[in-house]
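A short write-up of the structure that comes next.
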Number of protein chains: 2
Amino acid sequence: MTGNRLTEFASIFYPKSHAVIGASANTRKFGGRYLRTLLDFGYSGKVYPVNPQESEVFGLQTYASVSDIPEPVEFASIAVPARAVPGVAEECLFKGVKALQILSAGFRELGEDGTRLERELTAIAARGIRIVGPNCFGVYCPGGGMTILPGANLPKEPGPVGFISQSGGYTIRVPRRADGYGIRFSKAVSYGNACDVNECDLLEYFLEDPETKVIISYLEGVKDGSRFYQLLREVCRTKPVIIWKGGLTEVGARAAKSHTASLSGEEAVWEALFRQTGAIRVNNLEELLDTTIAFLHLGPVTGQRVCSIGGGGGIGVAAADTWERAGLSVPLFPAELEKKLLSIIPPTGASAGNPVDVGNPFPAPEMLRSVLDTVCTGTDIDILVIDEIEMTVPAGLQGFRPSDSLREIVQIPLEARDRFGKPVVVVMPVEAISADSLESEGERRKIRDFFLRNGIPVYLTKERAAQALANLTGYYRYRNSTHT
Amino acid sequence: MTGNRLTEFASIFYPKSHAVIGASANTRKFGGRYLRTLLDFGYSGKVYPVNPQESEVFGLQTYASVSDIPEPVEFASIAVPARAVPGVAEECLFKGVKALQILSAGFRELGEDGTRLERELTAIAARGIRIVGPNCFGVYCPGGGMTILPGANLPKEPGPVGFISQSGGYTIRVPRRADGYGIRFSKAVSYGNACDVNECDLLEYFLEDPETKVIISYLEGVKDGSRFYQLLREVCRTKPVIIWKGGLTEVGARAAKSHTASLSGEEAVWEALFRQTGAIRVNNLEELLDTTIAFLHLGPVTGQRVCSIGGGGGIGVAAADTWERAGLSVPLFPAELEKKLLSIIPPTGASAGNPVDVGNPFPAPEMLRSVLDTVCTGTDIDILVIDEIEMTVPAGLQGFRPSDSLREIVQIPLEARDRFGKPVVVVMPVEAISADSLESEGERRKIRDFFLRNGIPVYLTKERAAQALANLTGYYRYRNSTHT
């Protein structure tokens, strides 16, 4: 490991000056759209639009070439046709630009001619300039005022997640979707064809980066399998690395080839990699985000003994099936504990076993609290799940329940977590999803945000909760086992 | 098969008079809550509250016992303590009531004493009255003005789906959630411990019922495995039966026992049953509803060749992985077709292979239309998937796209379906999910509703779309294979 990635990549994430080459006032073009996006996002460094046809774009003085800029330029974004890119990149090198991102497509992913162009870029990079891309959407770093295409609406607040993405589309979709999970990013990088900066460089960076606690990634192919493997082993010792690997099926691999010209490798090879490095495998965008909030909020949980508390018999049966299928356990309670619970829950239509059925999804707060206290003091359960307990008033059932009981009920998961030091997660489905029930959806989101702000992961379904916790506990079990 | 279930069960679903035994003005009690719910839902038959302590409840004259009601009573709902239920049921039998639903819990699921009580009920039923329950939430039949506990807010509009549910909680959750899928019900029955009416009786009913096109179910245990198997084979020949089987894991089975005292049976046994009857297995509530909209809108599709059209390389890779993992195929296009597509899509940053990448998630309508036309005329694809093409303007990106192009883009899936007779599905994730982006969520739901109204299934994720279509095509392939 080079050990100086932090300094080197500062020019990528926190550039003080920024040329946009191929800038134009036409925001349907990449260069115009990128410049607009950067300005709208609020990048505060110096911006130099470059376009020989224009003297001014969006009120900024425009230069015919990067060489014409009278001041030093730390970073450049390039959005000119592929065949012109190597020339522009070389000019940037002469100008002393430290790093580039190439938004243009039309390289290796298009065949021989493009591959030749891309090789030229790699050679230019080797002469002293770092290149992100080509065929990428660039860099999102809220702390540095940098955002990707067309991410003017991404959160400006930074956070502890680093994202390495071989897909431009997902580099925008993931942070946008993550917004509703309360997930914030230190940096997200769409690095496209990786003519220079690749997944390994970024892993090294995120390992060193004190702003990054959890590393997530969408990968299609890997340039140097052996380096990647070694590095992953090292990084996973201190920071979790969650990988969504695209192109693991035969047809997926074919698609990856036409997307980023990646050879994506066989599923068996990747399975071995996951097993031997401790990296966390996820299979889709939802699992990526679900797993991330488990890591962000729950700490190093290795125990897999789940107690699920719901309000309905069917919910308990489904919960048991779900947790067991995900490889976690739903242990029987001691007889003594069941007896205590029986004195708390209703005599009929409820169940004192694990999963606990408190009788209906609208329990009185004092009863729910008492159940949690009893379970936490009477067992060595590792994880508590509050499963489909209603936290809002369902649409059309106003008056069904006093609203102060709702205010009280949302406190209970936090209390249990704080009082007993147990990880608590909440399963809260979207119950009312018709177009005219937006008000109750707004309520649901507010309560979800309340939990997330207070360190309680919230999941839309049991399945998604179970998979996220299997991923979390699997990682920490692996990490513990390799340290003993 | 008895062949007269329709007439016999008319008293359950369309009773002209209805006694609520255990009615009270206290809506925190089951009897009070049920009566309130029934009235709020708009049941239009005669309602007779029964409660010896009251002379009037909610403005209705109240009777001390069912025998005191001066007119005939077709149906009764019972919500008195378990030990009093057999006496009341017997009184109903004498009164000439045709059918009962017993909302009270405290029977077989509680052990020996409860089992004895429940046997008494079975014996009473055998003397000439049909009983739904005990330990259930009752019957939802919008056409008959009947709704379950506490389902005053369920849709009043009937539809083609019949629901057999051994869980009261899911009998309310499924129709409520289904509302946002545009799914409407002919009948939904929470039949609890099934002392009399059971899953087989209901299957027979739904087979005959002209109002029911698709049968869905949540089951824990089955009373008579052999009858169930034979019946399922028969029903599946003409109507799809989608089964969510709870309690298939060891812990799930334990929970099912305490819920409805069901012996839930081993996974291998159930797998064989699914394989040999054509019944469709689903594993959770979301898959149940996702699969239902595939059956409601797509007709008897057996072909599994999918063409996926998206706006982004990563989306195409993920789509290919997803469809292949679900067992469907994403075939290569003929070279001729790829050539034609190349003349339509952008020269860079797009892909003419299958999955097609039209370059970005905001394609111009004419381009998207042209891609669909070309694919439909140049291949023998069985199913078209419009995958994460943006149908709304993302929050914070107003002005990014002309709004008339949005109005046009939503027409394109319908046009392709109508012009080429191909099944089309749309994958439309929730992109903006923060609490302050409700407006864009409202837009998304309106477009989703537009598609659903027009017979295009809409899915939140590719995975869910793929699983639903695997379920759909699997069923029709099975049905075809058993007919040849």
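In the structure tokens, chains take letters A, B, ... by order of appearance, with residues numbered from 1 within each chain and ligands from 1 in the order shown.
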Discussion item. Quick check: residues of chain B within 6 Å of chain A, only C-alpha atoms, returned as number ranges by chain.
Written reply: B: 105-106, 153, 167, 169, 177, 180, 246-247, 249, 251-252, 255-256, 259, 312-314, 317-318, 320-321, 348-349, 396, 431, 433-435, 445
Item to complete: Give me the residues within 8 Å of B:Pro240 as a PyMOL selection string, counting only C-alpha atoms and dropping any in the same chain fewer than 6 places off.
Response: chain B and resi 213-215+279-280+295+475
Worksheet item: So which residues of stretch 33-269 of chain A fall under strand (DSSP E or B) by DSSP, listed as number ranges by chain?
Response: A: 46-50, 56-57, 60-61, 63, 75-78, 99-102, 130-132, 138-141, 146, 161-165, 185-190, 214-219, 241-245
Selected residues, N, CA and C atoms, written as a short mmCIF file (atom, residue, chain, number, x, y, z; two decimals), in the first residue's frame, please.
```
data_model
loop_
_atom_site.label_atom_id
_atom_site.label_comp_id
_atom_site.auth_asym_id
_atom_site.auth_seq_id
_atom_site.Cartn_x
_atom_site.Cartn_y
_atom_site.Cartn_z
N LYS A 46 -12.71 27.82 -7.42
CA LYS A 46 -12.77 28.58 -8.68
C LYS A 46 -13.19 27.66 -9.82
N VAL A 47 -14.07 28.15 -10.67
CA VAL A 47 -14.56 27.33 -11.78
C VAL A 47 -14.18 28.02 -13.10
N TYR A 48 -13.57 27.25 -14.00
CA TYR A 48 -13.17 27.77 -15.30
C TYR A 48 -13.82 26.97 -16.42
N PRO A 49 -14.89 27.48 -17.01
CA PRO A 49 -15.45 26.77 -18.16
C PRO A 49 -14.48 26.87 -19.34
N VAL A 50 -14.33 25.77 -20.07
CA VAL A 50 -13.46 25.77 -21.25
C VAL A 50 -14.30 25.39 -22.46
N GLU A 56 -18.58 33.23 -22.58
CA GLU A 56 -19.19 33.25 -21.26
C GLU A 56 -20.23 32.13 -21.17
N VAL A 57 -20.19 31.38 -20.09
CA VAL A 57 -21.24 30.38 -19.85
C VAL A 57 -21.75 30.57 -18.43
N LEU A 60 -19.99 32.97 -16.27
CA LEU A 60 -18.57 32.78 -15.96
C LEU A 60 -17.73 33.01 -17.22
N GLN A 61 -16.58 33.65 -17.05
CA GLN A 61 -15.67 33.83 -18.19
C GLN A 61 -15.22 32.47 -18.67
N TYR A 63 -12.83 29.98 -21.29
CA TYR A 63 -11.51 29.96 -21.94
C TYR A 63 -11.54 29.01 -23.14
N PHE A 75 -7.99 20.65 -10.72
CA PHE A 75 -8.82 19.51 -11.17
C PHE A 75 -9.55 19.91 -12.43
N ALA A 76 -9.78 18.94 -13.32
CA ALA A 76 -10.56 19.23 -14.53
C ALA A 76 -11.58 18.14 -14.79
N SER A 77 -12.75 18.56 -15.24
CA SER A 77 -13.76 17.61 -15.70
C SER A 77 -13.83 17.73 -17.21
N ILE A 78 -13.81 16.59 -17.90
CA ILE A 78 -13.75 16.60 -19.35
C ILE A 78 -15.02 15.99 -19.94
N ALA A 99 -5.50 16.29 -11.24
CA ALA A 99 -6.39 15.14 -11.47
C ALA A 99 -7.52 15.52 -12.42
N LEU A 100 -8.02 14.51 -13.10
CA LEU A 100 -9.08 14.68 -14.10
C LEU A 100 -10.22 13.73 -13.83
N GLN A 101 -11.41 14.12 -14.23
CA GLN A 101 -12.44 13.09 -14.40
C GLN A 101 -12.98 13.21 -15.82
N ILE A 102 -13.11 12.08 -16.48
CA ILE A 102 -13.52 12.08 -17.89
C ILE A 102 -14.95 11.55 -17.98
N ARG A 130 -3.69 12.09 -12.17
CA ARG A 130 -4.61 10.98 -11.89
C ARG A 130 -5.89 11.17 -12.68
N ILE A 131 -6.40 10.06 -13.23
CA ILE A 131 -7.60 10.15 -14.07
C ILE A 131 -8.71 9.25 -13.51
N VAL A 132 -9.88 9.84 -13.31
CA VAL A 132 -11.09 9.09 -12.93
C VAL A 132 -11.93 8.94 -14.21
N GLY A 138 -18.29 10.72 -12.51
CA GLY A 138 -17.42 11.54 -11.67
C GLY A 138 -17.56 11.33 -10.18
N VAL A 139 -17.21 12.38 -9.47
CA VAL A 139 -16.97 12.29 -8.04
C VAL A 139 -18.01 13.09 -7.26
N TYR A 140 -18.56 12.46 -6.21
CA TYR A 140 -19.46 13.15 -5.28
C TYR A 140 -18.74 13.23 -3.94
N CYS A 141 -18.47 14.45 -3.49
CA CYS A 141 -17.82 14.63 -2.19
C CYS A 141 -18.41 15.88 -1.56
N MET A 146 -18.18 18.85 -4.31
CA MET A 146 -18.14 18.17 -5.60
C MET A 146 -19.35 17.24 -5.74
N VAL A 161 -20.07 7.12 4.95
CA VAL A 161 -20.06 6.02 3.99
C VAL A 161 -19.27 6.40 2.74
N GLY A 162 -18.34 5.54 2.34
CA GLY A 162 -17.60 5.71 1.10
C GLY A 162 -18.15 4.75 0.06
N PHE A 163 -18.33 5.22 -1.17
CA PHE A 163 -18.98 4.40 -2.20
C PHE A 163 -18.09 4.33 -3.44
N ILE A 164 -17.74 3.13 -3.83
CA ILE A 164 -16.92 2.86 -5.02
C ILE A 164 -17.85 2.27 -6.06
N SER A 165 -18.05 2.95 -7.20
CA SER A 165 -19.06 2.45 -8.13
C SER A 165 -18.58 2.42 -9.57
N PHE A 185 -22.74 10.40 2.78
CA PHE A 185 -21.50 9.90 2.19
C PHE A 185 -20.30 10.79 2.46
N SER A 186 -19.16 10.16 2.69
CA SER A 186 -17.90 10.89 2.71
C SER A 186 -17.54 11.21 1.25
N LYS A 187 -17.55 10.17 0.40
CA LYS A 187 -17.28 10.32 -1.02
C LYS A 187 -17.98 9.18 -1.76
N ALA A 188 -18.41 9.46 -2.97
CA ALA A 188 -18.87 8.40 -3.87
C ALA A 188 -18.17 8.64 -5.20
N VAL A 189 -17.63 7.58 -5.77
CA VAL A 189 -16.86 7.75 -7.00
C VAL A 189 -17.39 6.81 -8.08
N SER A 190 -17.85 7.41 -9.17
CA SER A 190 -18.15 6.65 -10.38
C SER A 190 -16.88 6.65 -11.19
N VAL A 214 -17.67 3.04 6.76
CA VAL A 214 -18.21 1.87 6.08
C VAL A 214 -18.00 2.07 4.58
N ILE A 215 -17.48 1.04 3.90
CA ILE A 215 -17.20 1.15 2.47
C ILE A 215 -18.22 0.29 1.72
N ILE A 216 -18.89 0.89 0.77
CA ILE A 216 -19.83 0.12 -0.03
C ILE A 216 -19.43 0.21 -1.50
N SER A 217 -19.84 -0.75 -2.31
CA SER A 217 -19.40 -0.71 -3.70
C SER A 217 -20.34 -1.44 -4.64
N TYR A 218 -20.39 -0.92 -5.86
CA TYR A 218 -20.98 -1.65 -6.98
C TYR A 218 -19.84 -1.92 -7.95
N LEU A 219 -19.54 -3.21 -8.16
CA LEU A 219 -18.41 -3.58 -9.02
C LEU A 219 -18.89 -4.47 -10.16
N VAL A 241 -16.49 -3.84 4.22
CA VAL A 241 -16.59 -3.53 2.79
C VAL A 241 -17.78 -4.33 2.24
N ILE A 242 -18.80 -3.62 1.83
CA ILE A 242 -20.01 -4.26 1.32
C ILE A 242 -19.96 -4.20 -0.20
N ILE A 243 -20.05 -5.34 -0.84
CA ILE A 243 -19.89 -5.37 -2.30
C ILE A 243 -21.13 -5.92 -2.99
N TRP A 244 -21.68 -5.11 -3.87
CA TRP A 244 -22.70 -5.59 -4.80
C TRP A 244 -21.97 -5.86 -6.11
N LYS A 245 -21.86 -7.13 -6.44
CA LYS A 245 -21.10 -7.51 -7.62
C LYS A 245 -22.08 -7.74 -8.78
#
```
Please provide the set of residues having any atom within 9 Å of A:Arg417, restricted to only C-alpha atoms, with same-chain residues fewer than 5 positions apart removed, written as a CSV table (one decimal) with N, CA, C and O atoms, in the first residue's frame.
```
chain,number,residue,atom,x,y,z
A,384,LEU,N,-33.0,-7.5,19.3
A,384,LEU,CA,-34.4,-7.4,19.5
A,384,LEU,C,-35.1,-6.8,18.2
A,384,LEU,O,-34.6,-5.8,17.7
A,412,ILE,N,-40.1,3.4,22.9
A,412,ILE,CA,-39.8,2.1,23.6
A,412,ILE,C,-38.6,1.4,23.0
A,412,ILE,O,-37.8,0.9,23.7
A,422,LYS,N,-28.9,-3.6,24.1
A,422,LYS,CA,-29.1,-4.6,23.1
A,422,LYS,C,-29.4,-3.9,21.7
A,422,LYS,O,-30.0,-2.8,21.7
A,423,PRO,N,-28.9,-4.4,20.7
A,423,PRO,CA,-29.2,-3.9,19.3
A,423,PRO,C,-30.7,-4.1,19.1
A,423,PRO,O,-31.3,-5.2,19.4
A,424,VAL,N,-31.4,-3.0,18.7
A,424,VAL,CA,-32.8,-3.1,18.4
A,424,VAL,C,-33.1,-2.7,16.9
A,424,VAL,O,-32.5,-1.7,16.5
A,456,ILE,N,-31.6,3.5,15.3
A,456,ILE,CA,-32.3,2.3,15.2
A,456,ILE,C,-32.6,2.0,13.7
A,456,ILE,O,-33.3,2.8,13.1
```
Item to complete: Considering only C-alpha atoms, return as a PyMOL selection string whatever protein or nucleic-acid residues lie within 8 Å of B:Ala470, sequence-local ones (same chain, fewer than 3 positions apart) excluded.
Response: chain B and resi 304+326-328+466-467+473-474
Print the selection's residues with N, CA, C and O atoms to a file, as a PDB file, in the first residue's frame.
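Written output follows (out-v7.pdb):
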```
ATOM      1  N   GLN B 304     -40.594 -17.536 -21.568  1.00  0.00           N
ATOM      2  CA  GLN B 304     -39.772 -16.945 -20.514  1.00  0.00           C
ATOM      3  C   GLN B 304     -38.618 -16.123 -21.060  1.00  0.00           C
ATOM      4  O   GLN B 304     -37.646 -15.864 -20.371  1.00  0.00           O
ATOM      5  N   ALA B 326     -33.693 -15.647 -11.560  1.00  0.00           N
ATOM      6  CA  ALA B 326     -35.083 -16.055 -11.336  1.00  0.00           C
ATOM      7  C   ALA B 326     -35.496 -17.182 -12.280  1.00  0.00           C
ATOM      8  O   ALA B 326     -36.633 -17.653 -12.228  1.00  0.00           O
ATOM      9  N   GLY B 327     -34.603 -17.612 -13.147  1.00  0.00           N
ATOM     10  CA  GLY B 327     -34.903 -18.744 -14.025  1.00  0.00           C
ATOM     11  C   GLY B 327     -35.503 -18.359 -15.362  1.00  0.00           C
ATOM     12  O   GLY B 327     -35.923 -19.226 -16.127  1.00  0.00           O
ATOM     13  N   LEU B 328     -35.574 -17.054 -15.648  1.00  0.00           N
ATOM     14  CA  LEU B 328     -36.054 -16.659 -16.973  1.00  0.00           C
ATOM     15  C   LEU B 328     -34.833 -16.374 -17.847  1.00  0.00           C
ATOM     16  O   LEU B 328     -33.705 -16.348 -17.370  1.00  0.00           O
ATOM     17  N   ALA B 466     -39.092 -10.068 -11.384  1.00  0.00           N
ATOM     18  CA  ALA B 466     -38.597 -11.345 -11.920  1.00  0.00           C
ATOM     19  C   ALA B 466     -39.246 -12.524 -11.201  1.00  0.00           C
ATOM     20  O   ALA B 466     -39.670 -13.499 -11.828  1.00  0.00           O
ATOM     21  N   GLN B 467     -39.356 -12.420  -9.882  1.00  0.00           N
ATOM     22  CA  GLN B 467     -39.953 -13.521  -9.140  1.00  0.00           C
ATOM     23  C   GLN B 467     -41.426 -13.684  -9.504  1.00  0.00           C
ATOM     24  O   GLN B 467     -41.913 -14.802  -9.693  1.00  0.00           O
ATOM     25  N   THR B 473     -45.239 -17.616 -15.207  1.00  0.00           N
ATOM     26  CA  THR B 473     -44.942 -18.500 -16.339  1.00  0.00           C
ATOM     27  C   THR B 473     -44.811 -19.955 -15.877  1.00  0.00           C
ATOM     28  O   THR B 473     -45.189 -20.868 -16.597  1.00  0.00           O
ATOM     29  N   GLY B 474     -44.306 -20.130 -14.657  1.00  0.00           N
ATOM     30  CA  GLY B 474     -44.201 -21.490 -14.122  1.00  0.00           C
ATOM     31  C   GLY B 474     -45.574 -22.150 -14.035  1.00  0.00           C
ATOM     32  O   GLY B 474     -45.749 -23.317 -14.407  1.00  0.00           O
TER      33      GLY B 474
END
```
Practice prompt. Would you mind writing down, as an MDAnalysis selection string, each residue of stretch 320-365 of chain A that DSSP on the backbone assigns to alpha helix (DSSP H)?
Written response: chainID A and resid 320:325 335:342 365
Fill in: B:Val85, B:Cys376, B:Met428, B:Ile148 ranked by distance to B:Arg36, top pick (using only C-alpha atoms)
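Smallest distance to B:Arg36 is found for B:Ile148.
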